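To keep things clear, I will list the structure first and then write my remarks on it.
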Amino acid sequence: MTVRTRVAPSPTGDPHVGTAYMALFNYCFAKKMGGQFLLRIEDTDQARSTDRSLQAILDSLRWLGLNWDEGPDVGGPHAPYRQSERGAIYAKHAAQLLESGHAFLCYCTQERLAELRQSQQRARVTPGYDGHCLHLTAAERDQLMNANTPHVIRMKIPEQGVCVVNDMLRGKVEFDYKTVDMQILVKADGMPTYHLANVVDDHLMEITHVIRGEEWISSAPKHLLLYEYFGWTPPVLCHLPLLRNPDKSKLSKRKNPTSILYYQRMGFLPEALLNYLGLMAWSMPQAAHGDGEAAVAGVASGVASGVSVDEKFSLAEMAASFDLTRVSLGGPVFDIKKLTWLNGRWLRENFDDAGFAARVQQWALNKDYLMKIVPLVKERISTLGELGPLTAFLFSGEISVKPEDFVDKKVSPAAMRAAFTQVMEGFELLDDWSKDAIGALFKQTADAAGIKLRDFLRPFYVAIAGSAQSTPLFDSMEILGKDLCRARLRKALEVMPVAPPVVADVAAPTVPRA
Ligand code: GLU
């Protein structure tokens, strides 16, 4: 049996480090076993999926070097690899489930379902569909069908018994069928839900091992039932622990930047980011580590920082020694400080001067990036030497800001705090990260706050560019990207004064200390 694994991201929003983490573990397992690694795009949620996000996923996984053997851009024997192009396959399989009596049409309206949910909440019972449409008479069913009543397709769930999910890392996990909902498989618009499309594709694409985040383990009973209904052998299931913020909550962009693009923009190396993700929930077997020059150089810095030398390894080394059973289930903490330390080691230990320079060029001193910046600076400088000071913030990760940078005659500390918070909330709703969309968000927020746009923008210039005299704000923000802007605004919020500073008075009375 050839091992086949896949990563199956949904193209909504920025490419997530969690996707890279899943891709890495799937990649290493497949490579270690001499198998194949696939990329499948799960874009059945048409309202939220975008081509821009799809492209960013492809670009960032490629940047990391996690190349796939089959996928939307490289094709393969099971193409297409985008679920939005596989509608007919899901329709056929849904019809098969209806035919075999494992699924049923549900005509319940949104109102009925909302009432049901409320009454279940009041009664403190597990929310879920109550099977109403399972009990329609043949005449009722005919009438609804003849009237073309909108409907969804739901799967049947056994009324009794337990489903035993065999997880590679957790062993047997039991779920009482009473807690498993009669999942919608096909929505009213004819699109499949994740559950149907995922199972059908994993089977047709001959996936042998499903390695994914632990948030999906509660879906496993539904998936295993679907395999049974279709008469298919299920793949081996393995649910990896999720990445955590330092406070142990699920990694979220509110607390930690989560976009791969952010780490790229900050100047992290793909090798270091992958290496760091490889340390999440996994450890390199001691004896397996390569003993090249890099490893020897690592002894000194590794020991000095109290971190084992074996923590620095390449993708090829990880794949060669990968062993899924070494995954530990404690929630791995994504710690930017440690990632930064590791990145420093990669930079110092792995490049000669020419190699280092090449990386800097790839990162930001390249023509594509300069071409984005040139239109902003051309009218503003008289010698090329002015370029550096004017655009340093476009070539930086973090920038340094101080509390006094945010003391403003026109905007009070409270109003400034509110403005920063509202703009950051607005970021979440901005799918289109363009200067026009960013400009519209600022204008709307300034209007709502009753502050003139010019005054409103001043502290944002400082937060983003480090100075109120800078290249145009919205253009600059477009270039920097959403996550880097969010990080800079968050930093500004951390340092800005809470109340107006007390101006030291020459005649201020000195209060003796108690
Ligand atoms: N589309 C799902 C996600 O984005 C895939 C989950 C799975 O691997 O089954 O997480």
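Ordering of the structure tokens sets the chain letters (A, B, ...); residue numbers start at 1 within each chain; ligands are numbered from 1 in the order shown.
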Check which residues of chain A sit at most 7 Å from ligand 1 using only C-alpha atoms and all ligand atoms, and return one row each with the closest pair of atoms and their distance in Å to one decimal, ordered by chain and rising number, as JSON lines.
```
{"residue": "A:Val7", "atom": "CA", "partner": "ligand 1", "partner_atom_place_in_ligand_line": "8 (O)", "distance": 6.0}
{"residue": "A:Ala8", "atom": "CA", "partner": "ligand 1", "partner_atom_place_in_ligand_line": "5 (C)", "distance": 4.7}
{"residue": "A:Pro9", "atom": "CA", "partner": "ligand 1", "partner_atom_place_in_ligand_line": "4 (O)", "distance": 3.9}
{"residue": "A:Ser10", "atom": "CA", "partner": "ligand 1", "partner_atom_place_in_ligand_line": "4 (O)", "distance": 4.5}
{"residue": "A:Glu42", "atom": "CA", "partner": "ligand 1", "partner_atom_place_in_ligand_line": "1 (N)", "distance": 5.1}
{"residue": "A:Tyr194", "atom": "CA", "partner": "ligand 1", "partner_atom_place_in_ligand_line": "1 (N)", "distance": 6.8}
{"residue": "A:Asn198", "atom": "CA", "partner": "ligand 1", "partner_atom_place_in_ligand_line": "9 (O)", "distance": 6.3}
{"residue": "A:Val210", "atom": "CA", "partner": "ligand 1", "partner_atom_place_in_ligand_line": "8 (O)", "distance": 6.8}
{"residue": "A:Ile211", "atom": "CA", "partner": "ligand 1", "partner_atom_place_in_ligand_line": "8 (O)", "distance": 6.7}
{"residue": "A:Arg212", "atom": "CA", "partner": "ligand 1", "partner_atom_place_in_ligand_line": "8 (O)", "distance": 4.7}
{"residue": "A:Gly213", "atom": "CA", "partner": "ligand 1", "partner_atom_place_in_ligand_line": "8 (O)", "distance": 6.9}
{"residue": "A:Trp216", "atom": "CA", "partner": "ligand 1", "partner_atom_place_in_ligand_line": "6 (C)", "distance": 6.7}
```
Produce a file of the selected residues containing all heavy atoms, as a CSV table (one decimal), in the first residue's frame.
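See result-v8.csv below for the written result:
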```
chain,number,residue,atom,x,y,z
A,7,VAL,N,-3.1,17.7,2.5
A,7,VAL,CA,-3.5,18.9,3.4
A,7,VAL,C,-4.7,19.5,2.6
A,7,VAL,O,-4.7,19.5,1.3
A,7,VAL,CB,-2.4,19.9,3.6
A,7,VAL,CG1,-1.9,20.6,2.4
A,7,VAL,CG2,-2.8,20.9,4.7
A,8,ALA,N,-5.7,19.9,3.3
A,8,ALA,CA,-6.9,20.3,2.6
A,8,ALA,C,-7.5,21.7,3.0
A,8,ALA,O,-8.5,21.8,3.6
A,8,ALA,CB,-8.0,19.2,2.8
A,9,PRO,N,-6.7,22.7,2.8
A,9,PRO,CA,-7.1,24.0,3.4
A,9,PRO,C,-8.3,24.6,2.6
A,9,PRO,O,-8.6,24.3,1.5
A,9,PRO,CB,-5.9,24.9,3.1
A,9,PRO,CG,-5.2,24.3,2.0
A,9,PRO,CD,-5.4,22.8,2.1
A,10,SER,N,-9.0,25.5,3.4
A,10,SER,CA,-10.1,26.2,2.8
A,10,SER,C,-9.6,27.6,2.5
A,10,SER,O,-9.0,28.2,3.3
A,10,SER,CB,-11.3,26.3,3.7
A,10,SER,OG,-11.8,25.0,4.0
A,42,GLU,N,-10.4,23.0,-0.4
A,42,GLU,CA,-11.8,22.8,0.0
A,42,GLU,C,-12.5,24.1,0.0
A,42,GLU,O,-12.6,24.8,1.0
A,42,GLU,CB,-11.8,22.1,1.4
A,42,GLU,CG,-11.0,20.8,1.4
A,42,GLU,CD,-11.5,19.8,2.4
A,42,GLU,OE1,-11.9,20.2,3.5
A,42,GLU,OE2,-11.4,18.6,2.1
A,194,TYR,N,-18.6,20.4,4.0
A,194,TYR,CA,-17.3,19.9,4.2
A,194,TYR,C,-17.3,18.4,4.3
A,194,TYR,O,-16.5,17.6,3.7
A,194,TYR,CB,-16.7,20.6,5.4
A,194,TYR,CG,-15.6,19.8,6.1
A,194,TYR,CD1,-14.4,19.6,5.6
A,194,TYR,CD2,-15.9,19.1,7.3
A,194,TYR,CE1,-13.4,18.9,6.2
A,194,TYR,CE2,-14.9,18.4,8.0
A,194,TYR,CZ,-13.7,18.2,7.4
A,194,TYR,OH,-12.7,17.5,8.1
A,198,ASN,N,-15.4,16.1,1.8
A,198,ASN,CA,-14.1,15.6,2.4
A,198,ASN,C,-14.0,14.1,2.4
A,198,ASN,O,-13.0,13.5,1.9
A,198,ASN,CB,-14.1,16.1,3.9
A,198,ASN,CG,-12.8,15.9,4.6
A,198,ASN,OD1,-12.6,14.8,5.2
A,198,ASN,ND2,-11.8,16.8,4.5
A,210,VAL,N,-5.4,10.3,7.2
A,210,VAL,CA,-5.9,11.6,7.4
A,210,VAL,C,-5.2,12.2,8.6
A,210,VAL,O,-5.5,11.8,9.7
A,210,VAL,CB,-7.4,11.6,7.5
A,210,VAL,CG1,-7.9,13.0,8.0
A,210,VAL,CG2,-8.1,11.3,6.1
A,211,ILE,N,-4.3,13.2,8.4
A,211,ILE,CA,-3.6,13.8,9.5
A,211,ILE,C,-4.1,15.2,9.6
A,211,ILE,O,-3.9,16.0,8.6
A,211,ILE,CB,-2.1,13.7,9.3
A,211,ILE,CG1,-1.7,12.3,9.1
A,211,ILE,CG2,-1.4,14.4,10.5
A,211,ILE,CD1,-0.3,12.1,8.6
A,212,ARG,N,-4.8,15.6,10.6
A,212,ARG,CA,-5.4,16.9,10.6
A,212,ARG,C,-5.6,17.4,12.0
A,212,ARG,O,-5.2,16.7,13.0
A,212,ARG,CB,-6.8,16.9,9.9
A,212,ARG,CG,-7.8,16.0,10.6
A,212,ARG,CD,-9.1,16.0,9.9
A,212,ARG,NE,-9.9,14.9,10.4
A,212,ARG,CZ,-10.9,14.4,9.7
A,212,ARG,NH1,-11.3,14.8,8.6
A,212,ARG,NH2,-11.6,13.4,10.3
A,213,GLY,N,-6.1,18.6,12.2
A,213,GLY,CA,-6.2,19.3,13.5
A,213,GLY,C,-7.2,18.6,14.4
A,213,GLY,O,-8.2,18.0,13.9
A,216,TRP,N,-11.2,18.5,14.5
A,216,TRP,CA,-12.1,17.7,13.6
A,216,TRP,C,-12.4,16.4,14.2
A,216,TRP,O,-13.2,15.6,13.6
A,216,TRP,CB,-11.4,17.5,12.2
A,216,TRP,CG,-11.2,18.8,11.5
A,216,TRP,CD1,-10.0,19.5,11.3
A,216,TRP,CD2,-12.2,19.6,10.9
A,216,TRP,NE1,-10.2,20.6,10.7
A,216,TRP,CE2,-11.5,20.8,10.4
A,216,TRP,CE3,-13.6,19.5,10.8
A,216,TRP,CZ2,-12.2,21.8,9.8
A,216,TRP,CZ3,-14.2,20.6,10.2
A,216,TRP,CH2,-13.6,21.7,9.7
```
Exercise: Ser476 (chain A) partners within 9 Å, only C-alpha atoms, chain neighbours under 2 positions left out, as a VMD selection string: chain A and resid 373 376 394 435 464 to 465 470 to 474 478 to 481
Residue neighbourhood region 225-232 of chain A, 8 Å, only C-alpha atoms, exclusion window fewer than 2 positions, as a PyMOL selection string: chain A and resi 97+102+157+196+199+203+221-223+234
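Picture a line from CA of Trp433 (chain A) to CA of Asn67 (chain A); it runs 27.2 Å.
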To one decimal place in Å, what is the distance between CA of Met33 (chain A) and CA of Ile207 (chain A)? 13.4 Å
Name the residues in contact with Ala79 (chain A) at a cut-off of 9 Å, using only C-alpha atoms, excluding same-chain residues fewer than 4 positions from it; report them as a list in words. Glu70, Gly71, Pro72, Gly75, Arg86 and Met205 of chain A
Selection from above, C-alpha atoms, as a PDB file, in the first residue's frame, can you write it?
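Full text of out20.pdb as output:
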```
ATOM      1  CA  GLU A  70      -0.727  16.233  -6.851  1.00  0.00           C
ATOM      2  CA  GLY A  71      -2.719  19.408  -6.561  1.00  0.00           C
ATOM      3  CA  PRO A  72      -4.757  22.070  -8.303  1.00  0.00           C
ATOM      4  CA  GLY A  75      -2.720  18.185 -11.671  1.00  0.00           C
ATOM      5  CA  ARG A  86     -16.137  18.518  -8.380  1.00  0.00           C
ATOM      6  CA  MET A 205      -8.061  10.358  -4.008  1.00  0.00           C
TER       7      MET A 205
END
```
Just how far from CA of Arg62 (chain A) is CA of Thr340 (chain A), in Å to one decimal?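 So the answer is 21.3 Å.
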Residue contacts of region 177-193 of chain A (9 Å, only C-alpha atoms) excluding same-chain residues fewer than 2 positions away, as an MDAnalysis selection string: chainID A and resid 44:46 84 87 90:91 94 103 106 126:131 150:163 175 195:198 218:219 221:222
Just asking: which residues within region 70-224 of chain A are strand (DSSP E) according to DSSP, as a list in words?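 Going through region 70-224 of chain A, the strand (DSSP E) residues come out as Ala103, Phe104, Leu105, Cys106, Val152, Ile153, Arg154, Met155, Val162, Cys163, Val164, Val165, Asn166, Asp167, Gly171, Lys172, Val173, Glu174, Phe175, Asp176, Ile184, Leu185, Val186, His209, Val210, Ile211, Arg212 and Gly213 of chain A.
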Let me see the file: selected residues, C-alpha atoms, as a CSV table (one decimal), in the first residue's frame.
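As a result, result_4.csv now contains:
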```csv
chain,number,residue,atom,x,y,z
A,103,ALA,CA,-29.7,10.1,3.9
A,104,PHE,CA,-33.0,12.0,3.7
A,105,LEU,CA,-34.4,15.2,2.4
A,106,CYS,CA,-35.1,17.8,5.0
A,152,VAL,CA,-31.2,20.1,2.2
A,153,ILE,CA,-29.9,16.5,2.4
A,154,ARG,CA,-29.1,15.2,5.8
A,155,MET,CA,-27.3,12.0,6.8
A,162,VAL,CA,-21.4,4.4,20.3
A,163,CYS,CA,-19.0,5.1,17.6
A,164,VAL,CA,-15.4,4.1,18.3
A,165,VAL,CA,-12.9,6.4,16.6
A,166,ASN,CA,-9.5,4.8,16.4
A,167,ASP,CA,-7.1,7.7,16.5
A,171,GLY,CA,-6.2,5.3,20.7
A,172,LYS,CA,-9.9,4.6,20.9
A,173,VAL,CA,-12.2,7.6,21.4
A,174,GLU,CA,-15.8,6.9,22.0
A,175,PHE,CA,-18.7,9.0,20.9
A,176,ASP,CA,-22.3,8.3,21.8
A,184,ILE,CA,-26.4,18.4,6.5
A,185,LEU,CA,-24.5,16.8,3.5
A,186,VAL,CA,-25.9,19.0,0.7
A,209,HIS,CA,-3.9,8.6,6.4
A,210,VAL,CA,-5.9,11.6,7.4
A,211,ILE,CA,-3.6,13.8,9.5
A,212,ARG,CA,-5.4,16.9,10.6
A,213,GLY,CA,-6.2,19.3,13.5
```
Which of region 147-300 of chain A fall in alpha helix (DSSP H), as a count of residues only: 46
Selected residue of minimal separation from Pro246 (chain A) among A:Ala418, A:Leu66, A:Leu279, A:Ile336, counting only C-alpha atoms: A:Ile336
At a cut-off of 8 Å, using only C-alpha atoms, what residues contact Leu453 (chain A)? Leave out same-chain residues fewer than 3 positions from it and give the result as a PyMOL selection string. chain A and resi 442-443+446-447+456-457
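By chain and then residue number, the residues within 10 Å of Trp363 (chain A) are Gln264, Arg265, Met266, Gly267, Phe268, Leu269, Ala357, Ala358, Tyr369 and Phe395 of chain A, counting only C-alpha atoms and disregarding those fewer than 5 positions away in sequence.
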Which residue is closest to Ile451 (chain A)? Choose from A:Met318, A:Met416, A:Ala20, A:Val360 and count only C-alpha atoms. A:Met416
Given only C-alpha atoms as the basis, pick out the residue of A:Asp431, A:Tyr461, A:Pro389, A:Asn148 nearest to Val377 (chain A).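 Between A:Asp431, A:Tyr461, A:Pro389, A:Asn148, the residue approaching Val377 (chain A) most closely is A:Pro389.
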